[in-house]
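Engineer: Structure supplied as protein.pdb; contents: PDB, C-alpha atoms, pLDDT in the B column.
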ATOM      1  CA  MET A   1       6.272  15.315 -23.236  1.00 80.00           C
ATOM      2  CA  VAL A   2       4.161  17.933 -24.970  1.00 81.00           C
ATOM      3  CA  LYS A   3       2.975  21.114 -23.286  1.00 83.00           C
ATOM      4  CA  VAL A   4      -0.593  22.094 -24.168  1.00 81.00           C
ATOM      5  CA  GLU A   5      -1.929  25.557 -23.418  1.00 84.00           C
ATOM      6  CA  GLY A   6      -5.279  27.162 -24.016  1.00 84.00           C
ATOM      7  CA  THR A   7      -8.617  28.007 -22.526  1.00 85.00           C
ATOM      8  CA  LEU A   8     -10.884  25.352 -21.078  1.00 83.00           C
ATOM      9  CA  ALA A   9     -13.147  25.522 -24.122  1.00 85.00           C
ATOM     10  CA  GLU A  10     -10.195  25.021 -26.493  1.00 85.00           C
ATOM     11  CA  LEU A  11      -8.879  22.092 -24.448  1.00 82.00           C
ATOM     12  CA  GLU A  12     -12.312  20.446 -24.396  1.00 83.00           C
ATOM     13  CA  GLU A  13     -12.430  20.854 -28.162  1.00 83.00           C
ATOM     14  CA  LEU A  14      -9.050  19.133 -28.519  1.00 82.00           C
ATOM     15  CA  PHE A  15      -9.460  16.313 -25.996  1.00 79.00           C
ATOM     16  CA  GLY A  16     -13.226  15.992 -25.790  1.00 79.00           C
ATOM     17  CA  SER A  17     -15.496  16.605 -22.848  1.00 72.00           C
ATOM     18  CA  LEU A  18     -14.156  15.665 -19.435  1.00 62.00           C
ATOM     19  CA  LYS A  19     -17.594  14.422 -18.431  1.00 66.00           C
ATOM     20  CA  ARG A  20     -17.046  11.201 -20.369  1.00 58.00           C
ATOM     21  CA  THR A  21     -13.982  10.233 -18.336  1.00 57.00           C
ATOM     22  CA  VAL A  22     -15.589  10.646 -14.907  1.00 58.00           C
ATOM     23  CA  ARG A  23     -17.041   7.478 -13.393  1.00 62.00           C
ATOM     24  CA  THR A  24     -20.376   7.525 -11.680  1.00 62.00           C
ATOM     25  CA  GLY A  25     -21.011   5.875  -8.328  1.00 65.00           C
ATOM     26  CA  ARG A  26     -22.851   2.979  -9.954  1.00 64.00           C
ATOM     27  CA  GLU A  27     -19.948   2.084 -12.221  1.00 61.00           C
ATOM     28  CA  THR A  28     -17.470   1.983  -9.345  1.00 59.00           C
ATOM     29  CA  ALA A  29     -19.912  -0.124  -7.327  1.00 58.00           C
ATOM     30  CA  ARG A  30     -20.131  -2.613 -10.199  1.00 58.00           C
ATOM     31  CA  VAL A  31     -16.357  -2.809 -10.422  1.00 56.00           C
ATOM     32  CA  ALA A  32     -16.087  -3.414  -6.674  1.00 58.00           C
ATOM     33  CA  LYS A  33     -18.647  -6.234  -6.823  1.00 63.00           C
ATOM     34  CA  LYS A  34     -16.673  -8.025  -9.530  1.00 66.00           C
ATOM     35  CA  ALA A  35     -13.591  -8.240  -7.307  1.00 68.00           C
ATOM     36  CA  VAL A  36     -12.979 -11.791  -6.132  1.00 76.00           C
ATOM     37  CA  LYS A  37     -12.697 -12.355  -2.389  1.00 79.00           C
ATOM     38  CA  THR A  38      -9.246 -13.484  -1.380  1.00 84.00           C
ATOM     39  CA  THR A  39      -8.923 -16.216   1.190  1.00 87.00           C
ATOM     40  CA  THR A  40      -7.424 -15.080   4.469  1.00 90.00           C
ATOM     41  CA  ARG A  41      -4.473 -17.238   5.379  1.00 91.00           C
ATOM     42  CA  LYS A  42      -2.981 -17.960   8.736  1.00 95.00           C
ATOM     43  CA  LEU A  43       0.145 -15.931   9.462  1.00 95.00           C
ATOM     44  CA  SER A  44       3.388 -17.824  10.003  1.00 95.00           C
ATOM     45  CA  GLN A  45       4.999 -17.835  13.449  1.00 95.00           C
ATOM     46  CA  TRP A  46       7.590 -15.301  12.256  1.00 96.00           C
ATOM     47  CA  GLN A  47       4.900 -12.943  10.906  1.00 96.00           C
ATOM     48  CA  ARG A  48       2.985 -13.174  14.169  1.00 96.00           C
ATOM     49  CA  TYR A  49       6.226 -12.501  16.097  1.00 96.00           C
ATOM     50  CA  ILE A  50       7.010  -9.387  14.033  1.00 96.00           C
ATOM     51  CA  LYS A  51       3.436  -8.108  14.324  1.00 96.00           C
ATOM     52  CA  ASN A  52       3.623  -8.113  18.127  1.00 95.00           C
ATOM     53  CA  LYS A  53       4.725  -4.656  19.308  1.00 96.00           C
ATOM     54  CA  LYS A  54       6.694  -5.916  22.335  1.00 96.00           C
ATOM     55  CA  ASN A  55       8.991  -8.000  20.091  1.00 96.00           C
ATOM     56  CA  GLN A  56       9.949  -5.121  17.797  1.00 96.00           C
ATOM     57  CA  ILE A  57      13.617  -4.152  18.198  1.00 96.00           C
ATOM     58  CA  LYS A  58      14.457  -0.816  16.575  1.00 97.00           C
ATOM     59  CA  PHE A  59      17.711   0.932  15.729  1.00 97.00           C
ATOM     60  CA  LYS A  60      18.395   3.648  18.321  1.00 96.00           C
ATOM     61  CA  ARG A  61      20.895   5.780  16.384  1.00 96.00           C
ATOM     62  CA  GLY A  62      22.487   6.206  12.991  1.00 96.00           C
ATOM     63  CA  PRO A  63      20.867   6.492   9.572  1.00 96.00           C
ATOM     64  CA  LYS A  64      18.457   3.618  10.285  1.00 96.00           C
ATOM     65  CA  LYS A  65      17.169   5.153  13.536  1.00 96.00           C
ATOM     66  CA  GLY A  66      13.577   4.120  14.186  1.00 96.00           C
ATOM     67  CA  LEU A  67      13.563   1.251  11.658  1.00 96.00           C
ATOM     68  CA  LEU A  68      13.188  -2.377  12.705  1.00 96.00           C
ATOM     69  CA  ASP A  69      16.425  -4.278  13.329  1.00 97.00           C
ATOM     70  CA  MET A  70      15.474  -7.505  11.575  1.00 96.00           C
ATOM     71  CA  LYS A  71      18.815  -9.162  12.304  1.00 97.00           C
ATOM     72  CA  ALA A  72      18.392  -8.733  16.060  1.00 97.00           C
ATOM     73  CA  MET A  73      14.735  -9.697  15.853  1.00 97.00           C
ATOM     74  CA  SER A  74      15.522 -12.925  14.012  1.00 96.00           C
ATOM     75  CA  ARG A  75      18.136 -13.858  16.638  1.00 96.00           C
ATOM     76  CA  ALA A  76      15.631 -13.216  19.431  1.00 96.00           C
ATOM     77  CA  PHE A  77      12.957 -15.190  17.575  1.00 97.00           C
ATOM     78  CA  LYS A  78      15.232 -18.179  17.110  1.00 96.00           C
ATOM     79  CA  ARG A  79      16.241 -18.098  20.798  1.00 95.00           C
ATOM     80  CA  SER A  80      12.624 -17.836  21.955  1.00 91.00           C
ATOM     81  CA  LYS A  81      11.697 -21.046  20.141  1.00 80.00           C
ATOM     82  CA  ARG A  82      14.111 -23.114  22.277  1.00 76.00           C
TER      83      ARG A  82
END
Starting from the file, lay out its structure as structure tokens.
Structural biologist:
Amino acid sequence: MVKVEGTLAELEELFGSLKRTVRTGRETARVAKKAVKTTTRKLSQWQRYIKNKKNQIKFKRGPKKGLLDMKAMSRAFKRSKR
């Protein structure tokens, strides 16, 4: 990595004007229009189960406190399907 020091005028002289690198609103709008729409897909039963707040089992203590306990959630999910 190279450290470059100098005044703003000197840096512009070295690297060119910063105005060229800034995008205008029109250019970003054109880029956004070119983006292809993705098809929305139906969530699996497991994804819908996890998404539901009442089914979320979290660790209560230890280094994982507050994170989802996926092992316990998967057991509960498998039992609920019976």
Engineer: I'd like the neighbourhood of region 47-59 of chain A as a ChimeraX atom specification, where a residue qualifies if any of its atoms comes within 7 Å (using only C-alpha atoms), though same-chain residues fewer than 2 positions away should be ignored.
Structural biologist: /A:43-45,61,64-69,72-73
Engineer: Keeping only C-alpha atoms, write the selected residues to a file as a compact mmCIF listing (two decimals), in the coordinates of the input.
Structural biologist:
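So again.txt came out as:
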# COMPACT_ATOMS: atom_id res chain seq x y z
CA LEU A 43 0.14 -15.93 9.46
CA SER A 44 3.39 -17.82 10.00
CA GLN A 45 5.00 -17.84 13.45
CA ARG A 61 20.90 5.78 16.38
CA LYS A 64 18.46 3.62 10.28
CA LYS A 65 17.17 5.15 13.54
CA GLY A 66 13.58 4.12 14.19
CA LEU A 67 13.56 1.25 11.66
CA LEU A 68 13.19 -2.38 12.70
CA ASP A 69 16.42 -4.28 13.33
CA ALA A 72 18.39 -8.73 16.06
CA MET A 73 14.74 -9.70 15.85
Engineer: Suppose you want the space between CA of Trp46 (chain A) and CA of Arg82 (chain A); what is it in Å?
Structural biologist: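 Calculated distance between CA of Trp46 (chain A) and CA of Arg82 (chain A) is 14.3 Å.
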Engineer: What separation in Å, quoted to one decimal, exists between CA of Lys71 (chain A) and CA of Arg41 (chain A)?
Structural biologist: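 Going from CA of Lys71 (chain A) over to CA of Arg41 (chain A), I get 25.6 Å.
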Engineer: Box along x, y and z, 3 Å on every side, all listed atoms of region 43-49 of chain A inside: centre and edge lengths in Å to one decimal, as AutoDock Vina command-line options.
Structural biologist:
--center_x 3.9 --center_y -15.2 --center_z 12.8 --size_x 13.4 --size_y 11.3 --size_z 12.6
